[in-house]
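*Asks:* Provided below: target14.cif, containing mmCIF, C-alpha atoms and all ligand atoms.
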```cif
data_run
#
loop_
_atom_site.label_atom_id
_atom_site.label_comp_id
_atom_site.auth_asym_id
_atom_site.auth_seq_id
_atom_site.Cartn_x
_atom_site.Cartn_y
_atom_site.Cartn_z
CA MET A 1 -9.84 -15.39 21.48
CA ILE A 2 -7.00 -13.01 20.74
CA ARG A 3 -6.45 -9.94 22.86
CA LEU A 4 -3.75 -7.30 22.48
CA HIS A 5 -3.59 -4.61 25.08
CA GLY A 6 -1.39 -1.50 24.93
CA VAL A 7 1.01 -3.18 22.50
CA ARG A 8 3.95 -1.12 21.38
CA LYS A 9 6.64 -2.15 18.95
CA THR A 10 9.40 0.02 17.56
CA TYR A 11 12.12 -0.71 15.04
CA GLY A 12 14.78 1.94 15.67
CA LYS A 13 12.99 5.21 15.07
CA VAL A 14 9.94 3.62 13.43
CA THR A 15 6.93 3.00 15.65
CA ALA A 16 5.22 0.03 14.04
CA LEU A 17 2.62 -0.49 16.78
CA ASP A 18 1.55 2.36 19.00
CA ASP A 19 -0.54 1.31 22.02
CA LEU A 20 -2.50 -1.15 19.93
CA GLU A 21 -5.76 -2.50 21.35
CA LEU A 22 -7.33 -5.47 19.62
CA ASP A 23 -9.97 -7.94 20.71
CA VAL A 24 -10.84 -10.85 18.45
CA ARG A 25 -13.66 -12.94 19.82
CA GLU A 26 -13.81 -16.71 20.00
CA GLY A 27 -14.66 -18.21 16.60
CA GLU A 28 -14.80 -14.83 14.91
CA PHE A 29 -13.43 -13.99 11.44
CA PHE A 30 -11.77 -10.65 12.06
CA CYS A 31 -10.26 -8.57 9.25
CA LEU A 32 -7.47 -6.15 10.02
CA LEU A 33 -7.55 -3.55 7.27
CA GLY A 34 -5.01 -0.83 6.67
CA PRO A 35 -2.65 0.70 4.13
CA SER A 36 0.92 -0.43 3.54
CA GLY A 37 3.10 0.20 6.59
CA ALA A 38 0.17 0.54 9.00
CA GLY A 39 1.43 -2.30 11.21
CA LYS A 40 -0.69 -5.23 10.06
CA THR A 41 2.09 -7.78 9.64
CA THR A 42 3.76 -6.65 12.84
CA THR A 43 0.47 -7.26 14.65
CA LEU A 44 0.29 -10.82 13.32
CA LYS A 45 3.92 -11.52 14.14
CA THR A 46 3.37 -10.24 17.65
CA VAL A 47 0.42 -12.58 18.13
CA ALA A 48 2.44 -15.46 16.69
CA GLY A 49 5.38 -14.72 18.96
CA LEU A 50 7.78 -13.92 16.12
CA GLU A 51 8.13 -10.39 17.49
CA THR A 52 8.26 -9.41 21.13
CA PRO A 53 6.38 -6.23 22.01
CA ASP A 54 8.30 -3.44 23.77
CA ALA A 55 5.24 -2.93 25.98
CA GLY A 56 1.75 -4.34 26.38
CA THR A 57 0.28 -7.81 26.55
CA VAL A 58 -0.84 -10.51 24.13
CA GLU A 59 -3.40 -13.03 25.34
CA LEU A 60 -4.64 -16.13 23.56
CA ASP A 61 -7.72 -17.75 25.05
CA GLY A 62 -7.21 -15.68 28.19
CA ARG A 63 -3.61 -16.79 28.68
CA ASP A 64 -0.76 -14.27 28.76
CA MET A 65 1.70 -15.22 26.02
CA ARG A 66 4.74 -13.55 27.56
CA GLY A 67 7.64 -15.98 27.31
CA VAL A 68 5.61 -18.53 25.33
CA GLU A 69 7.50 -19.74 22.24
CA PRO A 70 5.78 -19.48 18.82
CA TYR A 71 5.47 -23.27 18.57
CA ASP A 72 3.69 -23.43 21.88
CA ARG A 73 1.08 -20.78 21.05
CA GLY A 74 -1.12 -23.08 19.02
CA VAL A 75 -1.62 -20.60 16.19
CA ALA A 76 -1.25 -21.39 12.49
CA MET A 77 0.02 -18.65 10.21
CA CYS A 78 0.23 -17.95 6.55
CA PHE A 79 2.49 -15.13 5.51
CA GLU A 80 2.67 -13.57 2.11
CA SER A 81 6.15 -14.96 1.64
CA TYR A 82 5.06 -18.56 1.94
CA ALA A 83 7.48 -21.36 2.59
CA LEU A 84 6.64 -24.63 0.85
CA TYR A 85 8.71 -27.69 -0.07
CA PRO A 86 9.14 -27.21 -3.84
CA HIS A 87 10.07 -30.81 -4.63
CA LYS A 88 7.22 -32.34 -2.69
CA SER A 89 3.74 -32.74 -4.08
CA ALA A 90 0.99 -30.33 -3.13
CA TYR A 91 -0.60 -33.19 -1.17
CA ASP A 92 2.57 -33.80 0.85
CA ASN A 93 2.90 -30.09 1.53
CA LEU A 94 -0.64 -30.07 2.90
CA ALA A 95 -0.09 -33.27 4.85
CA SER A 96 3.27 -32.43 6.41
CA PRO A 97 1.90 -30.28 9.27
CA LEU A 98 -0.37 -33.18 10.20
CA ARG A 99 2.58 -35.58 10.41
CA SER A 100 4.45 -33.59 13.04
CA PRO A 101 4.13 -35.12 16.51
CA ARG A 102 2.44 -31.97 17.74
CA HIS A 103 -0.43 -32.01 15.27
CA ARG A 104 -0.64 -35.68 14.32
CA LEU A 105 -4.14 -36.66 13.26
CA PRO A 106 -5.49 -40.15 12.60
CA ALA A 107 -4.84 -40.89 8.90
CA ALA A 108 -8.52 -40.94 7.91
CA GLU A 109 -9.20 -37.60 9.60
CA ALA A 110 -6.10 -36.07 8.00
CA ARG A 111 -7.23 -37.23 4.54
CA GLU A 112 -10.68 -35.82 5.15
CA ARG A 113 -9.38 -32.43 6.24
CA ILE A 114 -6.97 -32.21 3.32
CA GLY A 115 -9.74 -33.25 0.93
CA GLU A 116 -12.15 -30.59 2.17
CA VAL A 117 -9.60 -27.79 2.19
CA ALA A 118 -8.21 -28.75 -1.24
CA GLU A 119 -11.69 -28.94 -2.73
CA LEU A 120 -12.77 -25.55 -1.45
CA LEU A 121 -9.51 -23.89 -2.45
CA GLY A 122 -9.82 -25.43 -5.92
CA ILE A 123 -6.51 -27.32 -5.75
CA SER A 124 -7.77 -30.92 -5.73
CA PRO A 125 -6.62 -31.55 -9.33
CA LEU A 126 -3.13 -30.30 -8.43
CA LEU A 127 -2.46 -32.48 -5.42
CA ASP A 128 -0.04 -34.84 -7.17
CA ARG A 129 2.06 -32.08 -8.70
CA PRO A 130 5.31 -30.87 -7.18
CA VAL A 131 4.76 -27.40 -5.76
CA GLY A 132 7.77 -26.10 -7.71
CA ARG A 133 5.75 -26.63 -10.88
CA LEU A 134 2.71 -24.64 -9.82
CA SER A 135 1.88 -21.04 -10.67
CA ASN A 136 2.23 -18.36 -8.01
CA GLY A 137 -1.51 -18.28 -7.45
CA GLN A 138 -1.71 -22.06 -7.15
CA ARG A 139 1.22 -22.08 -4.76
CA GLN A 140 -0.43 -19.43 -2.65
CA ARG A 141 -3.53 -21.58 -2.35
CA VAL A 142 -1.41 -24.57 -1.29
CA ALA A 143 0.28 -22.37 1.33
CA LEU A 144 -3.10 -21.26 2.62
CA GLY A 145 -4.32 -24.86 2.64
CA ARG A 146 -1.28 -25.92 4.62
CA VAL A 147 -2.31 -23.53 7.36
CA LEU A 148 -5.98 -24.44 7.32
CA VAL A 149 -5.59 -28.23 7.53
CA ARG A 150 -3.94 -27.97 10.90
CA PRO A 151 -6.09 -27.81 14.03
CA ALA A 152 -5.24 -24.52 15.70
CA ARG A 153 -6.41 -22.17 18.41
CA ALA A 154 -6.32 -19.36 15.84
CA PHE A 155 -5.46 -18.82 12.19
CA LEU A 156 -3.33 -15.81 11.33
CA LEU A 157 -3.55 -15.00 7.63
CA ASP A 158 -1.53 -12.26 5.97
CA GLU A 159 -2.98 -11.23 2.58
CA PRO A 160 -3.43 -14.89 1.63
CA LEU A 161 -5.24 -14.14 -1.64
CA SER A 162 -2.95 -11.38 -2.91
CA HIS A 163 -1.41 -13.39 -5.77
CA LEU A 164 -4.71 -14.50 -7.27
CA ASP A 165 -6.35 -12.80 -10.21
CA ALA A 166 -9.52 -10.79 -9.53
CA LYS A 167 -11.95 -13.54 -10.52
CA LEU A 168 -10.27 -16.27 -8.51
CA ARG A 169 -9.87 -13.95 -5.54
CA GLN A 170 -13.56 -13.26 -5.52
CA GLN A 171 -14.38 -16.96 -5.78
CA MET A 172 -11.89 -17.86 -3.09
CA ARG A 173 -13.30 -15.25 -0.73
CA ALA A 174 -16.64 -16.97 -0.87
CA GLU A 175 -15.09 -20.42 -0.37
CA LEU A 176 -12.74 -19.49 2.43
CA LYS A 177 -15.43 -18.99 5.02
CA ALA A 178 -17.12 -22.23 4.02
CA ILE A 179 -14.14 -24.31 5.11
CA GLY A 180 -15.20 -26.13 8.28
CA ALA A 181 -11.97 -25.39 10.09
CA VAL A 182 -12.31 -21.68 9.31
CA ARG A 183 -15.89 -21.63 10.54
CA ARG A 184 -14.82 -23.12 13.83
CA THR A 185 -11.55 -21.30 14.39
CA THR A 186 -10.85 -17.73 15.46
CA THR A 187 -9.26 -16.09 12.43
CA LEU A 188 -7.27 -12.87 12.19
CA TYR A 189 -7.05 -11.93 8.52
CA VAL A 190 -4.86 -9.11 7.26
CA THR A 191 -5.70 -7.20 4.10
CA HIS A 192 -5.31 -3.77 2.52
CA ASP A 193 -8.36 -4.41 0.32
CA SER A 194 -11.57 -2.94 1.74
CA VAL A 195 -13.76 -5.02 -0.58
CA GLU A 196 -12.16 -8.15 0.84
CA ALA A 197 -12.62 -6.91 4.41
CA LEU A 198 -16.30 -6.14 3.79
CA ALA A 199 -16.85 -9.51 2.16
CA LEU A 200 -15.11 -11.61 4.80
CA GLY A 201 -15.01 -9.90 8.14
CA ASP A 202 -17.54 -10.67 10.87
CA ARG A 203 -15.91 -7.56 12.23
CA ILE A 204 -13.30 -5.24 10.78
CA GLY A 205 -10.54 -3.39 12.57
CA VAL A 206 -9.14 -0.39 10.70
CA ILE A 207 -5.46 0.13 11.50
CA ARG A 208 -3.50 3.30 10.77
CA ASP A 209 -0.04 4.29 11.99
CA GLY A 210 0.09 1.37 14.40
CA ARG A 211 -3.24 2.09 16.07
CA ILE A 212 -6.72 0.72 15.65
CA VAL A 213 -8.86 3.65 14.51
CA GLN A 214 -12.18 1.84 14.48
CA THR A 215 -13.53 -1.65 15.10
CA GLY A 216 -16.99 -2.69 14.02
CA THR A 217 -19.23 -4.77 11.84
CA ARG A 218 -19.32 -3.89 8.14
CA GLU A 219 -22.55 -1.93 8.76
CA GLU A 220 -21.00 0.06 11.59
CA ILE A 221 -17.92 0.91 9.52
CA TRP A 222 -20.00 1.75 6.45
CA TYR A 223 -22.75 3.82 8.05
CA ARG A 224 -20.83 5.26 10.97
CA PRO A 225 -17.22 5.69 9.85
CA HIS A 226 -15.00 7.11 12.55
CA ASP A 227 -13.48 9.76 10.28
CA THR A 228 -13.13 10.87 6.66
CA GLU A 229 -10.24 8.50 6.01
CA VAL A 230 -12.28 5.46 7.07
CA ALA A 231 -15.15 6.77 4.93
CA ARG A 232 -12.79 7.14 1.95
CA ALA A 233 -11.38 3.64 2.44
CA PHE A 234 -14.73 1.90 1.88
CA GLY A 235 -16.79 2.04 -1.29
CA ARG A 236 -15.93 2.53 -4.98
CA PRO A 237 -16.48 5.05 -6.43
CA ARG A 238 -15.33 6.84 -3.33
CA ILE A 239 -17.57 8.78 -1.02
CA ASN A 240 -18.12 12.43 -2.02
CA LEU A 241 -16.88 14.87 0.60
CA LEU A 242 -17.91 18.49 0.10
CA PRO A 243 -16.17 21.19 2.12
CA GLY A 244 -18.33 23.88 3.68
CA SER A 245 -19.47 25.35 6.91
CA VAL A 246 -22.44 25.45 9.24
CA THR A 247 -24.80 28.36 8.57
CA ALA A 248 -26.41 30.60 11.20
CA ASP A 249 -29.54 28.44 11.18
CA GLY A 250 -27.51 25.25 11.63
CA GLY A 251 -27.60 23.98 8.02
CA PHE A 252 -24.77 23.22 5.58
CA ARG A 253 -23.43 25.57 2.92
CA SER A 254 -20.57 24.62 0.60
CA ALA A 255 -17.46 26.77 0.57
CA ASP A 256 -18.54 28.42 -2.74
CA GLY A 257 -22.11 28.94 -1.52
CA LYS A 258 -23.56 26.84 -4.38
CA VAL A 259 -24.74 23.86 -2.36
CA GLU A 260 -27.06 24.26 0.58
CA LEU A 261 -28.48 21.37 2.57
CA PRO A 262 -30.91 21.86 5.41
CA VAL A 263 -29.24 19.28 7.63
CA ARG A 264 -28.51 19.72 11.29
CA ALA A 265 -24.83 20.42 10.96
CA GLY A 266 -23.87 21.61 14.44
CA ALA A 267 -22.54 24.91 15.72
CA ALA A 268 -22.71 27.88 13.32
CA GLY A 269 -19.43 28.76 11.66
CA THR A 270 -17.81 25.32 12.12
CA ASP A 271 -15.85 24.07 9.10
CA VAL A 272 -17.23 20.71 8.05
CA LEU A 273 -17.23 18.14 5.27
CA ILE A 274 -20.50 16.66 4.18
CA GLY A 275 -20.28 13.09 2.91
CA VAL A 276 -22.55 11.22 0.54
CA ARG A 277 -21.84 7.93 -1.20
CA PRO A 278 -22.28 7.86 -4.99
CA ARG A 279 -24.90 5.11 -4.78
CA ASP A 280 -26.98 7.20 -2.35
CA LEU A 281 -27.50 9.99 -4.89
CA THR A 282 -30.46 9.64 -7.25
CA LEU A 283 -30.77 11.25 -10.67
CA GLY A 284 -33.85 13.42 -11.10
CA GLU A 285 -36.48 14.29 -8.59
CA GLY A 286 -36.81 12.05 -5.62
CA PRO A 287 -37.54 12.02 -1.95
CA GLY A 288 -35.12 14.10 0.05
CA HIS A 289 -33.03 17.15 -0.75
CA GLU A 290 -32.63 18.32 -4.33
CA LEU A 291 -29.50 19.67 -5.95
CA THR A 292 -28.93 20.96 -9.46
CA GLY A 293 -25.75 20.89 -11.51
CA THR A 294 -24.33 19.98 -14.90
CA VAL A 295 -22.83 16.76 -16.19
CA TYR A 296 -19.04 16.85 -16.20
CA VAL A 297 -18.19 13.35 -17.33
CA THR A 298 -19.77 9.88 -17.46
CA GLU A 299 -18.15 6.49 -17.25
CA VAL A 300 -19.83 3.15 -17.84
CA LEU A 301 -19.35 0.64 -15.02
CA GLY A 302 -21.03 -2.47 -16.42
CA ARG A 303 -24.75 -2.17 -15.81
CA SER A 304 -24.47 1.19 -14.15
CA VAL A 305 -22.89 4.51 -15.04
CA GLU A 306 -20.79 6.77 -12.88
CA VAL A 307 -21.85 10.34 -13.52
CA THR A 308 -19.70 13.19 -12.28
CA VAL A 309 -21.80 16.28 -11.76
CA ARG A 310 -20.43 19.78 -11.35
CA LEU A 311 -22.10 21.88 -8.70
CA GLY A 312 -20.34 25.22 -8.55
CA ALA A 313 -16.71 24.57 -7.68
CA GLN A 314 -17.22 20.96 -6.66
CA ASN A 315 -17.79 17.63 -8.33
CA LEU A 316 -20.19 15.03 -7.03
CA SER A 317 -20.01 11.51 -8.27
CA LEU A 318 -23.11 9.35 -8.49
CA VAL A 319 -23.88 5.87 -9.74
CA ALA A 320 -27.07 5.47 -11.76
CA PRO A 321 -28.61 2.58 -13.72
CA ARG A 322 -27.46 2.67 -17.35
CA GLY A 323 -31.02 3.21 -18.58
CA GLU A 324 -31.29 6.46 -16.65
CA ALA A 325 -27.87 7.84 -17.41
CA SER A 326 -26.90 6.64 -20.89
CA ALA A 327 -28.33 9.69 -22.67
CA LEU A 328 -26.44 12.19 -20.52
CA ARG A 329 -23.75 14.28 -22.19
CA PRO A 330 -21.24 16.75 -20.76
CA ASP A 331 -22.81 20.10 -19.81
CA ASP A 332 -26.36 18.70 -19.67
CA PRO A 333 -28.23 20.17 -16.72
CA VAL A 334 -29.18 17.54 -14.13
CA ARG A 335 -31.13 17.34 -10.93
CA LEU A 336 -30.13 15.04 -8.12
CA SER A 337 -31.67 14.10 -4.85
CA VAL A 338 -30.35 12.68 -1.63
CA ARG A 339 -32.15 11.40 1.41
CA PRO A 340 -31.11 13.24 4.56
CA GLU A 341 -30.37 9.96 6.36
CA ASN A 342 -27.70 9.22 3.75
CA LEU A 343 -25.69 12.32 4.56
CA LEU A 344 -22.66 11.99 6.81
CA LEU A 345 -21.13 14.95 8.53
CA PHE A 346 -17.47 15.31 9.48
CA GLU A 347 -15.21 17.93 11.00
CA ALA A 348 -12.97 19.46 8.34
CA ASP A 349 -9.72 17.52 7.75
CA ARG A 350 -6.71 18.96 9.56
CA PRO A 351 -3.07 18.53 8.68
CA GLU A 352 -2.53 16.38 11.78
CA ARG A 353 -5.62 14.20 11.46
CA PRO A 354 -8.59 13.40 9.23
CA GLY A 355 -11.91 15.00 10.20
CA ARG A 356 -13.92 12.96 12.70
CA ARG A 357 -17.54 12.18 12.13
CA ILE A 358 -19.82 14.56 13.99
CA GLY A 359 -23.10 13.51 15.47
CA PRO A 360 -24.72 10.20 16.26
N1 LIG B 1 12.05 -5.78 10.76
C1 LIG B 1 11.79 -4.48 10.62
N2 LIG B 1 12.77 -3.57 10.72
C2 LIG B 1 12.52 -2.25 10.59
N3 LIG B 1 11.31 -1.71 10.35
C3 LIG B 1 10.30 -2.58 10.23
C4 LIG B 1 10.46 -4.00 10.35
N4 LIG B 1 9.26 -4.58 10.19
C5 LIG B 1 8.37 -3.59 9.96
N5 LIG B 1 8.98 -2.38 10.00
C6 LIG B 1 8.31 -1.07 9.83
O1 LIG B 1 7.18 -1.03 10.70
C7 LIG B 1 6.07 -0.43 10.06
C8 LIG B 1 4.89 -1.41 10.01
O2 LIG B 1 5.22 -2.48 9.17
P1 LIG B 1 4.23 -3.69 8.85
O3 LIG B 1 5.00 -4.66 7.99
O4 LIG B 1 3.64 -4.21 10.08
O5 LIG B 1 3.12 -2.96 7.99
P2 LIG B 1 1.94 -3.59 7.11
O6 LIG B 1 0.72 -2.87 7.50
O7 LIG B 1 1.94 -5.06 7.25
O8 LIG B 1 2.38 -3.17 5.65
P3 LIG B 1 2.27 -3.98 4.24
O9 LIG B 1 0.81 -3.98 3.87
O10 LIG B 1 3.10 -3.15 3.32
O11 LIG B 1 2.81 -5.36 4.48
C9 LIG B 1 6.56 0.00 8.69
O12 LIG B 1 6.92 1.35 8.75
C10 LIG B 1 7.76 -0.89 8.45
O13 LIG B 1 8.67 -0.27 7.57
#
```
Could you render the structure from this file as structure tokens?
Ligand SMILES: Nc1ncnc2c1ncn2[C@@H]1O[C@H](COP(=O)(O)OP(=O)(O)OP(=O)(O)O)[C@@H](O)[C@H]1O
*Replies:*
Amino acid sequence: MIRLHGVRKTYGKVTALDDLELDVREGEFFCLLGPSGAGKTTTLKTVAGLETPDAGTVELDGRDMRGVEPYDRGVAMCFESYALYPHKSAYDNLASPLRSPRHRLPAAEARERIGEVAELLGISPLLDRPVGRLSNGQRQRVALGRVLVRPARAFLLDEPLSHLDAKLRQQMRAELKAIGAVRRTTTLYVTHDSVEALALGDRIGVIRDGRIVQTGTREEIWYRPHDTEVARAFGRPRINLLPGSVTADGGFRSADGKVELPVRAGAAGTDVLIGVRPRDLTLGEGPGHELTGTVYVTEVLGRSVEVTVRLGAQNLSLVAPRGEASALRPDDPVRLSVRPENLLLFEADRPERPGRRIGP
């Protein structure tokens, strides 16, 4: 269990962590997701004891870590800038943490752990090679393995798959959670990739400007995003957000008056953004609300097609099966439908903060 309460960390004039609250449960795989500079690495370093917070508390398994040295915290970390012994073999790099007096394991158990981790990370055939002669991606997997072989109270992983190509990254994502040690150990995993967070996280914490904006399961973050920025961070193509306002009878009308949706949008006159994900829009007639527009552009995405539809002054993007969309050409008239339960409603964005979700 990892708990950060009211943690603040500044570097000169930069506030890296601003009253950060974080609660990672025992045995959980928790993804901390945020853009560059949001404070992800600083959070990990604070948990590890490599940075001392200016204010607030860090607890591991219920114990206050104030004054506890990094080596005594029982956490194993993997940072993006990994340190390995280049002249030693991959096997020796994996084995070295298990030879230290602190983590010594019986030889048979050590071999078993190394074997499992190496197998799942796909580095078994490389174990005899000196690390200095491995590719960046292979080295990164050895560095990750070095962390995972070691029994720990918690694993702290900072973008551990960032140097892998897309295919390997996807494969590794699936394998990572299958590693026995990972299944048993509380893991705090840092990433800026929302696909990775959705794939891996039992829960996800979205961090922005040194604060946690939202914590939840992937369903909670997907269906009930805290604000427009969280909604934009998840899902490709991105969520459509149409600006408009609430009409006298409580529905939605787009700013140019061309799109009307009979949703319960709140108090009349309020400026809002209505959100709908491209995969929740259906071409043609369907259950739910209908909209009409013209095709602006189409783009093939493998078995599906992204169709951008112009409705008055705004574009709506939708993803349709190739069979339904392949005949569409620019300027063709199209009808779309959306189920009311797939509409999300937000306050309008303001210069000082993204619009919050309104309603349940
Ligand atoms: N040692 C340092 N000295 C000065 N400023 C720092 C230091 N470490 C971090 N910062 C600043 O604190 C803020 C948070 O940095 P942090 O590295 O935690 O972000 P991050 O979310 O991990 O970003 P990235 O994804 O780019 O690694 C940034 O503005 C960064 O420039």
*Asks:* Using all atoms listed in the file, determine which residues fall within 7 Å of ligand LIG 1 (chain B), then list them as a list in words.
*Replies:*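 The neighbouring residues of ligand LIG 1 (chain B) are, in order, Tyr11, Gly12, Val14, Thr15, Ala16, Gly34, Pro35, Ser36, Gly37, Ala38, Gly39, Lys40, Thr41, Thr42, Thr43 and His192 of chain A.
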*Asks:* Within 9 Å of region 133-146 of chain A, which residues of region 159-180 of chain A come that close, and what is the closest atom pair and distance in Å for each? Count only C-alpha atoms and give it as CSV.
*Replies:*
```
residue,atom,partner,partner_atom,distance
A:Pro160,CA,A:Leu144,CA,6.5
A:Leu161,CA,A:Gln140,CA,7.2
A:Ser162,CA,A:Gly137,CA,8.4
A:His163,CA,A:Gly137,CA,5.2
A:Leu164,CA,A:Gly137,CA,5.0
A:Asp165,CA,A:Gly137,CA,7.8
```
*Asks:* Please write the residues from the selection above to a file, keeping C-alpha atoms, as a JSON list (two decimals), in the coordinates of the input.
*Replies:*
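Result saved to again_38.json:
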```json
[["chain", "number", "residue", "atom", "x", "y", "z"],
["A", 160, "PRO", "CA", -3.43, -14.89, 1.63],
["A", 161, "LEU", "CA", -5.24, -14.14, -1.64],
["A", 162, "SER", "CA", -2.95, -11.38, -2.91],
["A", 163, "HIS", "CA", -1.41, -13.39, -5.77],
["A", 164, "LEU", "CA", -4.71, -14.50, -7.27],
["A", 165, "ASP", "CA", -6.35, -12.80, -10.21]]
```
*Asks:* Which residues are near Pro340 (chain A)? Cut-off 9 Å, all atoms listed in the file, ignore same chain within fewer than 4 positions. Put them as JSON, numbers by chain.
*Replies:* {"A": [261, 262, 263, 288, 289, 344]}
*Asks:* Return the single residue from A:Gly216, A:Pro97, A:Pro321, A:Gly27 that is closest to Glu306 (chain A), with distances computed using all atoms listed in the file.
*Replies:* A:Pro321
*Asks:* Which one is closest to Thr294 (chain A): A:Val7, A:Val272, A:Leu311, A:Leu148? Count only C-alpha atoms.
*Replies:*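 Result for the nearest residue to Thr294 (chain A): A:Leu311.
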*Asks:* Select, from A:Arg153, A:Thr10, A:Cys31, A:Gly269, the residue with the minimum atom-to-atom distance to Ala197 (chain A), counting all atoms listed in the file.
*Replies:*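 Ranked by minimum distance to Ala197 (chain A), first place goes to A:Cys31.
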*Asks:* Using Å and a single decimal, report how far CA of Asp193 (chain A) sits from CA of Arg113 (chain A).
*Replies:*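 One can read the CA of Arg113 (chain A) to CA of Asp193 (chain A) distance as 28.7 Å.
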*Asks:* Between CA of Ala107 (chain A) and CA of Lys88 (chain A), what distance in Å does the model show, to one decimal?
*Replies:*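 Atom-to-atom, CA of Ala107 (chain A) and CA of Lys88 (chain A) are spaced 18.8 Å apart.
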*Asks:* Mind giving me the straight-line distance from CA of Arg25 (chain A) to CA of Met65 (chain A) in Å, one decimal?
*Replies:*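 Between these atoms lies a distance of 16.7 Å.
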*Asks:* Could you pull out every residue with an atom within 12 Å of (-29.4, 5.0, -22.1), file coordinates, counting only C-alpha atoms, and send them as a VMD selection string?
*Replies:* chain A and resid 298 300 303 to 305 320 to 329
*Asks:* Measuring between only C-alpha atoms, which one of A:Glu51, A:Asp158, A:Glu219, A:Glu26 shows the shortest distance to Met77 (chain A)?
*Replies:* A:Asp158
*Asks:* Quick one: everything within 8 Å of Gly266 (chain A), counting all atoms listed in the file, minus sequence neighbours fewer than 3 positions away in the same chain. Send it as number ranges by chain.
*Replies:* A: 246, 250-251, 270
*Asks:* Fewer than 2 positions away in the same chain doesn't count, so skip those; otherwise give me all residues within 9 Å of region 276-283 of chain A, counting only C-alpha atoms, as a PyMOL selection string.
*Replies:* chain A and resi 235-242+274+285-286+306-307+316-320+324-325+334-339+342-345
*Asks:* Need to verify the contact set: Ala95 (chain A), 8 Å, all atoms listed in the file, exclusion of same-chain residues closer than 4 positions in sequence. Can you return it as a count of residues only?
*Replies:* 6
*Asks:* Got a sec to write region 145-159 of chain A of the block to a file, N, CA and C atoms, as a CSV table (one decimal), in the first residue's frame?
*Replies:*
```csv
chain,number,residue,atom,x,y,z
A,145,GLY,N,13.4,-6.2,-15.9
A,145,GLY,CA,13.6,-7.5,-15.3
A,145,GLY,C,14.3,-7.4,-14.0
A,146,ARG,N,15.4,-6.6,-14.0
A,146,ARG,CA,16.2,-6.5,-12.8
A,146,ARG,C,15.4,-6.0,-11.6
A,147,VAL,N,14.4,-5.2,-11.9
A,147,VAL,CA,13.5,-4.7,-10.9
A,147,VAL,C,12.6,-5.8,-10.4
A,148,LEU,N,12.0,-6.5,-11.4
A,148,LEU,CA,10.9,-7.4,-11.1
A,148,LEU,C,11.4,-8.7,-10.4
A,149,VAL,N,12.7,-9.0,-10.5
A,149,VAL,CA,13.2,-10.3,-9.9
A,149,VAL,C,13.2,-10.2,-8.4
A,150,ARG,N,13.3,-8.9,-7.9
A,150,ARG,CA,13.7,-8.7,-6.5
A,150,ARG,C,12.4,-8.6,-5.7
A,151,PRO,N,12.3,-9.4,-4.6
A,151,PRO,CA,11.1,-9.3,-3.8
A,151,PRO,C,11.0,-7.9,-3.2
A,152,ALA,N,9.9,-7.3,-3.3
A,152,ALA,CA,9.8,-5.9,-2.9
A,152,ALA,C,8.4,-5.6,-2.3
A,153,ARG,N,8.3,-4.6,-1.5
A,153,ARG,CA,7.0,-4.2,-1.0
A,153,ARG,C,6.2,-3.5,-2.1
A,154,ALA,N,6.9,-2.8,-3.0
A,154,ALA,CA,6.2,-2.2,-4.1
A,154,ALA,C,7.2,-2.0,-5.2
A,155,PHE,N,6.6,-2.1,-6.5
A,155,PHE,CA,7.4,-1.8,-7.7
A,155,PHE,C,7.1,-0.4,-8.1
A,156,LEU,N,8.1,0.4,-8.5
A,156,LEU,CA,7.9,1.7,-9.0
A,156,LEU,C,8.5,1.8,-10.4
A,157,LEU,N,7.6,1.9,-11.4
A,157,LEU,CA,8.1,1.8,-12.8
A,157,LEU,C,7.8,3.0,-13.5
A,158,ASP,N,8.9,3.6,-14.1
A,158,ASP,CA,8.7,4.9,-14.8
A,158,ASP,C,8.9,4.6,-16.3
A,159,GLU,N,7.8,4.6,-17.0
A,159,GLU,CA,7.7,4.5,-18.5
A,159,GLU,C,8.7,3.3,-18.9
```
